[in-house]
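Colleague: Dropping in target.cif, with mmCIF, N, CA and C atoms.
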```cif
data_start
#
loop_
_atom_site.label_atom_id
_atom_site.label_comp_id
_atom_site.auth_asym_id
_atom_site.auth_seq_id
_atom_site.Cartn_x
_atom_site.Cartn_y
_atom_site.Cartn_z
N MET N 4 -18.40 -21.86 -12.97
CA MET N 4 -17.44 -20.77 -13.05
C MET N 4 -16.91 -20.72 -14.48
N HIS N 5 -16.88 -19.51 -15.04
CA HIS N 5 -16.45 -19.33 -16.42
C HIS N 5 -14.93 -19.14 -16.50
N THR N 6 -14.40 -19.26 -17.71
CA THR N 6 -12.96 -19.11 -17.94
C THR N 6 -12.47 -17.74 -17.48
N ILE N 7 -13.24 -16.68 -17.76
CA ILE N 7 -12.83 -15.34 -17.37
C ILE N 7 -12.74 -15.22 -15.84
N ASP N 8 -13.62 -15.92 -15.13
CA ASP N 8 -13.56 -15.91 -13.67
C ASP N 8 -12.26 -16.54 -13.18
N MET N 9 -11.89 -17.64 -13.80
CA MET N 9 -10.63 -18.32 -13.42
C MET N 9 -9.41 -17.44 -13.71
N ILE N 10 -9.42 -16.80 -14.88
CA ILE N 10 -8.31 -15.91 -15.24
C ILE N 10 -8.21 -14.75 -14.26
N LEU N 11 -9.36 -14.11 -13.98
CA LEU N 11 -9.35 -12.97 -13.05
C LEU N 11 -8.95 -13.39 -11.65
N LEU N 12 -9.46 -14.51 -11.18
CA LEU N 12 -9.07 -14.98 -9.85
C LEU N 12 -7.57 -15.26 -9.78
N THR N 13 -7.02 -15.86 -10.83
CA THR N 13 -5.58 -16.12 -10.87
C THR N 13 -4.79 -14.82 -10.80
N LEU N 14 -5.21 -13.83 -11.60
CA LEU N 14 -4.52 -12.53 -11.59
C LEU N 14 -4.67 -11.83 -10.24
N TYR N 15 -5.85 -11.88 -9.65
CA TYR N 15 -6.06 -11.26 -8.33
C TYR N 15 -5.18 -11.93 -7.27
N PHE N 16 -5.13 -13.27 -7.31
CA PHE N 16 -4.29 -13.99 -6.34
C PHE N 16 -2.82 -13.62 -6.53
N ILE N 17 -2.35 -13.56 -7.76
CA ILE N 17 -0.95 -13.18 -8.02
C ILE N 17 -0.69 -11.77 -7.50
N GLY N 18 -1.61 -10.83 -7.77
CA GLY N 18 -1.47 -9.47 -7.28
C GLY N 18 -1.42 -9.40 -5.76
N ALA N 19 -2.32 -10.14 -5.11
CA ALA N 19 -2.36 -10.15 -3.64
C ALA N 19 -1.09 -10.77 -3.06
N ILE N 20 -0.64 -11.88 -3.63
CA ILE N 20 0.56 -12.54 -3.14
C ILE N 20 1.78 -11.64 -3.32
N CYS N 21 1.89 -11.00 -4.47
CA CYS N 21 3.02 -10.07 -4.70
C CYS N 21 2.96 -8.90 -3.73
N GLY N 22 1.76 -8.38 -3.47
CA GLY N 22 1.62 -7.28 -2.52
C GLY N 22 2.07 -7.68 -1.12
N VAL N 23 1.61 -8.84 -0.65
CA VAL N 23 2.01 -9.33 0.67
C VAL N 23 3.52 -9.57 0.72
N TYR N 24 4.06 -10.18 -0.33
CA TYR N 24 5.50 -10.43 -0.40
C TYR N 24 6.30 -9.14 -0.26
N ASN N 25 5.91 -8.11 -1.03
CA ASN N 25 6.63 -6.84 -0.98
C ASN N 25 6.49 -6.16 0.37
N LEU N 26 5.32 -6.24 0.98
CA LEU N 26 5.14 -5.67 2.32
C LEU N 26 6.04 -6.37 3.33
N ILE N 27 6.11 -7.69 3.26
CA ILE N 27 6.95 -8.45 4.18
C ILE N 27 8.43 -8.12 3.95
N LYS N 28 8.85 -8.06 2.70
CA LYS N 28 10.26 -7.80 2.39
C LYS N 28 10.70 -6.38 2.76
N HIS N 29 9.77 -5.42 2.74
CA HIS N 29 10.11 -4.05 3.10
C HIS N 29 9.90 -3.76 4.59
N ALA N 30 9.36 -4.71 5.32
CA ALA N 30 9.10 -4.52 6.75
C ALA N 30 10.36 -4.16 7.54
N PRO N 31 11.52 -4.81 7.30
CA PRO N 31 12.72 -4.42 8.05
C PRO N 31 13.13 -2.96 7.81
N TYR N 32 12.97 -2.49 6.57
CA TYR N 32 13.30 -1.09 6.27
C TYR N 32 12.41 -0.16 7.10
N PHE N 33 11.11 -0.42 7.10
CA PHE N 33 10.19 0.45 7.82
C PHE N 33 10.38 0.35 9.32
N LYS N 34 10.67 -0.84 9.81
CA LYS N 34 10.93 -1.00 11.25
C LYS N 34 12.13 -0.15 11.65
N GLU N 35 13.20 -0.22 10.86
CA GLU N 35 14.40 0.57 11.14
C GLU N 35 14.13 2.06 11.02
N ARG N 36 13.42 2.45 10.00
CA ARG N 36 13.14 3.88 9.76
C ARG N 36 12.21 4.45 10.83
N PHE N 37 11.17 3.70 11.22
CA PHE N 37 10.28 4.17 12.27
C PHE N 37 11.02 4.26 13.60
N LYS N 38 11.92 3.30 13.83
CA LYS N 38 12.71 3.32 15.06
C LYS N 38 13.61 4.55 15.11
N SER N 39 14.21 4.91 13.97
CA SER N 39 15.09 6.08 13.93
C SER N 39 14.30 7.38 13.93
N GLY N 40 13.01 7.31 13.55
CA GLY N 40 12.16 8.50 13.56
C GLY N 40 12.11 9.26 12.26
N VAL N 41 12.75 8.74 11.21
CA VAL N 41 12.76 9.42 9.92
C VAL N 41 12.44 8.41 8.83
N VAL N 42 11.43 8.72 8.00
CA VAL N 42 11.02 7.82 6.94
C VAL N 42 10.95 8.61 5.63
N SER N 43 11.42 8.00 4.56
CA SER N 43 11.30 8.60 3.24
C SER N 43 9.82 8.74 2.89
N ALA N 44 9.41 9.93 2.48
CA ALA N 44 8.01 10.15 2.11
C ALA N 44 7.62 9.28 0.93
N PHE N 45 8.54 9.09 0.00
CA PHE N 45 8.25 8.25 -1.17
C PHE N 45 8.00 6.80 -0.75
N MET N 46 8.85 6.29 0.14
CA MET N 46 8.66 4.91 0.62
C MET N 46 7.41 4.79 1.48
N LEU N 47 7.09 5.82 2.24
CA LEU N 47 5.88 5.81 3.04
C LEU N 47 4.64 5.80 2.13
N ALA N 48 4.68 6.57 1.06
CA ALA N 48 3.57 6.56 0.09
C ALA N 48 3.48 5.20 -0.59
N MET N 49 4.64 4.61 -0.89
CA MET N 49 4.65 3.28 -1.49
C MET N 49 4.03 2.25 -0.54
N LEU N 50 4.37 2.34 0.74
CA LEU N 50 3.81 1.43 1.74
C LEU N 50 2.29 1.59 1.81
N PHE N 51 1.83 2.83 1.83
CA PHE N 51 0.39 3.10 1.89
C PHE N 51 -0.32 2.53 0.66
N PHE N 52 0.24 2.81 -0.52
CA PHE N 52 -0.37 2.30 -1.75
C PHE N 52 -0.36 0.78 -1.78
N LEU N 53 0.76 0.17 -1.44
CA LEU N 53 0.87 -1.28 -1.49
C LEU N 53 -0.08 -1.96 -0.52
N GLY N 54 -0.23 -1.39 0.67
CA GLY N 54 -1.18 -1.93 1.64
C GLY N 54 -2.61 -1.83 1.13
N ALA N 55 -2.95 -0.67 0.57
CA ALA N 55 -4.30 -0.47 0.02
C ALA N 55 -4.55 -1.38 -1.18
N TYR N 56 -3.53 -1.53 -2.03
CA TYR N 56 -3.67 -2.39 -3.21
C TYR N 56 -3.87 -3.85 -2.80
N THR N 57 -3.12 -4.31 -1.82
CA THR N 57 -3.26 -5.69 -1.35
C THR N 57 -4.66 -5.90 -0.76
N PHE N 58 -5.13 -4.94 0.02
CA PHE N 58 -6.50 -5.00 0.55
C PHE N 58 -7.51 -5.05 -0.60
N LYS N 59 -7.27 -4.25 -1.62
CA LYS N 59 -8.15 -4.21 -2.79
C LYS N 59 -8.19 -5.56 -3.49
N MET N 60 -7.06 -6.23 -3.60
CA MET N 60 -7.03 -7.54 -4.25
C MET N 60 -7.79 -8.58 -3.43
N VAL N 61 -7.69 -8.50 -2.11
CA VAL N 61 -8.45 -9.42 -1.25
C VAL N 61 -9.95 -9.18 -1.45
N ILE N 62 -10.37 -7.93 -1.53
CA ILE N 62 -11.78 -7.61 -1.77
C ILE N 62 -12.20 -8.12 -3.15
N ALA N 63 -11.34 -7.94 -4.16
CA ALA N 63 -11.65 -8.41 -5.51
C ALA N 63 -11.83 -9.93 -5.54
N ILE N 64 -10.97 -10.65 -4.82
CA ILE N 64 -11.09 -12.11 -4.75
C ILE N 64 -12.41 -12.48 -4.09
N TRP N 65 -12.72 -11.82 -3.00
CA TRP N 65 -13.96 -12.08 -2.26
C TRP N 65 -15.18 -11.82 -3.16
N ILE N 66 -15.20 -10.69 -3.86
CA ILE N 66 -16.33 -10.37 -4.73
C ILE N 66 -16.45 -11.39 -5.87
N ARG N 67 -15.32 -11.70 -6.51
CA ARG N 67 -15.35 -12.62 -7.66
C ARG N 67 -15.80 -14.01 -7.22
N LEU N 68 -15.28 -14.49 -6.08
CA LEU N 68 -15.68 -15.81 -5.60
C LEU N 68 -17.16 -15.83 -5.21
N SER N 69 -17.62 -14.82 -4.50
CA SER N 69 -19.03 -14.83 -4.08
C SER N 69 -19.97 -14.70 -5.27
N THR N 70 -19.57 -13.95 -6.30
CA THR N 70 -20.39 -13.82 -7.49
C THR N 70 -20.40 -15.11 -8.30
N SER N 71 -19.24 -15.72 -8.44
CA SER N 71 -19.12 -16.92 -9.28
C SER N 71 -19.69 -18.17 -8.63
N LEU N 72 -19.53 -18.28 -7.33
CA LEU N 72 -19.92 -19.53 -6.68
C LEU N 72 -21.33 -19.50 -6.10
N THR N 73 -21.72 -18.40 -5.48
CA THR N 73 -23.00 -18.42 -4.78
C THR N 73 -23.97 -17.33 -5.21
N GLY N 74 -23.49 -16.33 -5.90
CA GLY N 74 -24.36 -15.18 -6.17
C GLY N 74 -24.30 -14.25 -4.97
N ARG N 75 -24.87 -13.07 -5.13
CA ARG N 75 -24.79 -12.10 -4.04
C ARG N 75 -26.17 -11.59 -3.69
N GLY N 76 -26.44 -11.52 -2.39
CA GLY N 76 -27.66 -10.89 -1.92
C GLY N 76 -27.44 -9.39 -1.83
N ALA N 77 -28.50 -8.67 -1.55
CA ALA N 77 -28.43 -7.20 -1.50
C ALA N 77 -27.50 -6.71 -0.40
N VAL N 78 -27.55 -7.34 0.77
CA VAL N 78 -26.70 -6.90 1.89
C VAL N 78 -25.23 -7.19 1.59
N LEU N 79 -24.94 -8.40 1.11
CA LEU N 79 -23.56 -8.75 0.78
C LEU N 79 -23.03 -7.84 -0.32
N GLU N 80 -23.84 -7.56 -1.31
CA GLU N 80 -23.42 -6.68 -2.40
C GLU N 80 -23.11 -5.27 -1.88
N ALA N 81 -23.91 -4.77 -0.95
CA ALA N 81 -23.67 -3.45 -0.37
C ALA N 81 -22.37 -3.43 0.44
N ILE N 82 -22.15 -4.46 1.25
CA ILE N 82 -20.92 -4.55 2.04
C ILE N 82 -19.71 -4.60 1.12
N GLN N 83 -19.79 -5.41 0.08
CA GLN N 83 -18.68 -5.52 -0.86
C GLN N 83 -18.46 -4.21 -1.60
N SER N 84 -19.51 -3.52 -1.92
CA SER N 84 -19.39 -2.23 -2.61
C SER N 84 -18.70 -1.21 -1.73
N TYR N 85 -19.07 -1.16 -0.45
CA TYR N 85 -18.40 -0.23 0.48
C TYR N 85 -16.93 -0.61 0.68
N ALA N 86 -16.65 -1.90 0.81
CA ALA N 86 -15.27 -2.35 0.98
C ALA N 86 -14.44 -1.99 -0.26
N TRP N 87 -15.02 -2.18 -1.45
CA TRP N 87 -14.32 -1.83 -2.69
C TRP N 87 -14.06 -0.33 -2.77
N THR N 88 -15.03 0.46 -2.33
CA THR N 88 -14.88 1.92 -2.34
C THR N 88 -13.75 2.35 -1.40
N ILE N 89 -13.69 1.77 -0.22
CA ILE N 89 -12.61 2.08 0.72
C ILE N 89 -11.26 1.71 0.10
N ALA N 90 -11.19 0.54 -0.51
CA ALA N 90 -9.95 0.10 -1.16
C ALA N 90 -9.56 1.04 -2.30
N MET N 91 -10.53 1.49 -3.06
CA MET N 91 -10.25 2.42 -4.17
C MET N 91 -9.76 3.77 -3.66
N PHE N 92 -10.35 4.26 -2.57
CA PHE N 92 -9.86 5.51 -1.97
C PHE N 92 -8.39 5.37 -1.58
N GLY N 93 -8.06 4.24 -0.94
CA GLY N 93 -6.68 4.02 -0.51
C GLY N 93 -5.71 3.94 -1.67
N THR N 94 -6.04 3.17 -2.69
CA THR N 94 -5.12 3.04 -3.83
C THR N 94 -5.02 4.34 -4.61
N THR N 95 -6.14 5.04 -4.75
CA THR N 95 -6.12 6.32 -5.47
C THR N 95 -5.30 7.35 -4.71
N ALA N 96 -5.50 7.44 -3.40
CA ALA N 96 -4.71 8.38 -2.60
C ALA N 96 -3.22 8.05 -2.68
N GLY N 97 -2.89 6.76 -2.59
CA GLY N 97 -1.49 6.36 -2.70
C GLY N 97 -0.89 6.73 -4.05
N LEU N 98 -1.64 6.50 -5.12
CA LEU N 98 -1.15 6.85 -6.46
C LEU N 98 -1.01 8.36 -6.63
N VAL N 99 -1.95 9.13 -6.08
CA VAL N 99 -1.86 10.59 -6.18
C VAL N 99 -0.62 11.08 -5.43
N ILE N 100 -0.38 10.57 -4.23
CA ILE N 100 0.80 10.97 -3.47
C ILE N 100 2.07 10.60 -4.22
N LEU N 101 2.15 9.37 -4.72
CA LEU N 101 3.33 8.95 -5.49
C LEU N 101 3.50 9.81 -6.73
N SER N 102 2.41 10.15 -7.40
CA SER N 102 2.49 10.98 -8.60
C SER N 102 2.98 12.39 -8.28
N ILE N 103 2.50 12.96 -7.18
CA ILE N 103 2.95 14.30 -6.78
C ILE N 103 4.44 14.27 -6.46
N LEU N 104 4.86 13.27 -5.70
CA LEU N 104 6.29 13.17 -5.36
C LEU N 104 7.14 12.96 -6.61
N THR N 105 6.63 12.19 -7.56
CA THR N 105 7.36 11.96 -8.81
C THR N 105 7.38 13.23 -9.65
N TYR N 106 6.26 13.92 -9.77
CA TYR N 106 6.17 15.14 -10.58
C TYR N 106 7.12 16.22 -10.03
N THR N 107 7.14 16.34 -8.71
CA THR N 107 8.01 17.36 -8.09
C THR N 107 9.44 16.88 -7.92
N LYS N 108 9.68 15.61 -8.25
CA LYS N 108 11.01 14.98 -8.11
C LYS N 108 11.53 15.09 -6.68
N ARG N 109 10.62 14.91 -5.71
CA ARG N 109 10.96 14.99 -4.30
C ARG N 109 11.20 13.59 -3.73
N TYR N 110 12.12 12.87 -4.33
CA TYR N 110 12.43 11.53 -3.86
C TYR N 110 13.20 11.56 -2.54
N ASP N 111 13.80 12.71 -2.24
CA ASP N 111 14.62 12.83 -1.04
C ASP N 111 13.85 13.47 0.12
N LEU N 112 12.56 13.61 -0.01
CA LEU N 112 11.73 14.20 1.04
C LEU N 112 11.56 13.18 2.15
N PHE N 113 11.78 13.62 3.40
CA PHE N 113 11.67 12.72 4.54
C PHE N 113 10.63 13.23 5.52
N VAL N 114 9.97 12.32 6.20
CA VAL N 114 9.00 12.64 7.23
C VAL N 114 9.68 12.38 8.57
N TYR N 115 9.74 13.41 9.40
CA TYR N 115 10.36 13.29 10.72
C TYR N 115 9.29 12.93 11.73
N LEU N 116 9.46 11.78 12.35
CA LEU N 116 8.46 11.28 13.28
C LEU N 116 8.78 11.64 14.72
N ARG N 117 9.96 12.21 14.95
CA ARG N 117 10.38 12.61 16.29
C ARG N 117 10.54 14.11 16.33
N LYS N 118 10.53 14.64 17.54
CA LYS N 118 10.68 16.09 17.67
C LYS N 118 12.07 16.54 17.25
N ILE N 119 12.17 17.78 16.82
CA ILE N 119 13.44 18.35 16.37
C ILE N 119 14.04 19.12 17.53
N ASP N 120 15.34 18.91 17.79
CA ASP N 120 15.99 19.62 18.90
C ASP N 120 16.24 21.09 18.54
N LYS N 121 16.83 21.83 19.44
CA LYS N 121 17.03 23.27 19.27
C LYS N 121 17.96 23.61 18.11
N LYS N 122 18.83 22.69 17.72
CA LYS N 122 19.75 22.93 16.61
C LYS N 122 19.07 22.74 15.26
N GLY N 123 17.85 22.25 15.27
CA GLY N 123 17.13 22.03 14.02
C GLY N 123 17.32 20.63 13.47
N GLU N 124 17.97 19.76 14.23
CA GLU N 124 18.19 18.38 13.79
C GLU N 124 17.26 17.46 14.58
N PRO N 125 16.71 16.47 13.93
CA PRO N 125 15.87 15.49 14.64
C PRO N 125 16.71 14.68 15.61
N ASP N 126 16.10 14.26 16.71
CA ASP N 126 16.78 13.41 17.68
C ASP N 126 17.08 12.04 17.09
N ASN N 127 18.27 11.51 17.33
CA ASN N 127 18.65 10.14 16.98
C ASN N 127 18.40 9.79 15.52
N VAL N 128 18.81 10.63 14.62
CA VAL N 128 18.61 10.37 13.20
C VAL N 128 19.95 10.06 12.56
N ASP N 129 20.01 8.92 11.89
CA ASP N 129 21.22 8.63 11.13
C ASP N 129 20.98 8.99 9.68
N SER N 130 22.02 9.34 8.96
CA SER N 130 21.85 9.79 7.58
C SER N 130 21.95 8.68 6.56
N GLY N 131 22.28 7.48 7.00
CA GLY N 131 22.43 6.36 6.06
C GLY N 131 21.09 5.79 5.65
N THR N 132 21.13 5.04 4.56
CA THR N 132 19.93 4.35 4.12
C THR N 132 20.11 2.88 4.37
N SER N 133 19.02 2.17 4.40
CA SER N 133 19.04 0.75 4.69
C SER N 133 18.87 -0.06 3.43
N GLU N 134 19.57 -1.14 3.33
CA GLU N 134 19.40 -2.08 2.21
C GLU N 134 18.57 -3.22 2.72
N SER N 135 17.47 -3.53 2.04
CA SER N 135 16.63 -4.66 2.45
C SER N 135 16.84 -5.82 1.55
#
```
What would the structure in this file look like if it were written as structure tokens?
Modeller:
Amino acid sequence: MHTIDMILLTLYFIGAICGVYNLIKHAPYFKERFKSGVVSAFMLAMLFFLGAYTFKMVIAIWIRLSTSLTGRGAVLEAIQSYAWTIAMFGTTAGLVILSILTYTKRYDLFVYLRKIDKKGEPDNVDSGTSES
């Protein structure tokens, strides 16, 4: 294993660990928001991106380890290529959504997960935000 492999593996592991940490730390916010039926679109996009990014780092670790330690056969290389492509679609979609929300300055946009009553207000929605 070369020095660059060790550096990249270290960076991938740090990225994956930070991604998992942030997902775990934001879990109470999402649990509360999903329970109330209203989620910030920006935070939902962040959750999507962070999940895809963490998945991408796991795939990167897998590819780097299999290349450095054992080499890759044609089937394994194809599977890893498809997994990397799926991860890239997820991270790219998450970044595009975050960029659109940032460009339009729609940080206050919310996704209503419950039906709206006749008055135009969602059922059981509180207006406060949660501190995690």
Colleague: Using all atoms of stretch 89-102 of chain N listed in the file and a margin of 8 Å per side, can you give the axis-aligned box centre and edge lengths in Å to one decimal, as AutoDock Vina command-line options?
Modeller:
```
--center_x -5.1 --center_y 6.2 --center_z -3.9 --size_x 33.2 --size_y 28.3 --size_z 25.3
```
Colleague: Please provide the set of residues having any atom within 12 Å of N:Phe51, restricted to only C-alpha atoms, with same-chain residues fewer than 3 positions apart removed, written as a ChimeraX atom specification.
Modeller: /N:22,26,33,44-48,54-58,90,92-101
Colleague: To one decimal in Å, tell me the separation between atom C of N:Tyr15 and atom CA of N:Leu68.
Modeller: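 That distance, rounded to one decimal, is 11.3 Å.
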Colleague: So that I can check the secondary structure, give me every residue of chain N assigned helix (DSSP H, G or I) by backbone DSSP, as a PyMOL selection string.
Modeller: chain N and resi 6-39+44-73+77-106
Colleague: Which value, in Å to one decimal, gives the distance between atom CA of N:Val42 and atom CA of N:Tyr115?
Modeller: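 Between atom CA of N:Val42 and atom CA of N:Tyr115 the gap works out to 6.7 Å.
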Colleague: Mind checking DSSP for chain N and telling me the strand (DSSP E or B) residues as a list in words?
Modeller: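 Of chain N, only Val41, Val42, Ser43, Phe113, Val114, Tyr115, Ile119 and Pro125 of chain N fall in strand (DSSP E or B).
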Colleague: Could you check how far atom CA of N:Gly40 sits from atom CA of N:Leu116, in Å to one decimal?
Modeller: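 These two atoms are separated by 4.6 Å.
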Colleague: I'd like to know which of N:Ser102, N:Phe52, N:Ser71, N:Val61 is closest to N:Gln83, using only C-alpha atoms.
Modeller: N:Val61
Colleague: Kindly provide, as a PyMOL selection string, the polymer residues lying within 7 Å of (-5.4, -14.9, -1.9), counting only N, CA and C atoms and using the coordinates exactly as they appear in the file.
Modeller: chain N and resi 15-17+19-20+60-61+64
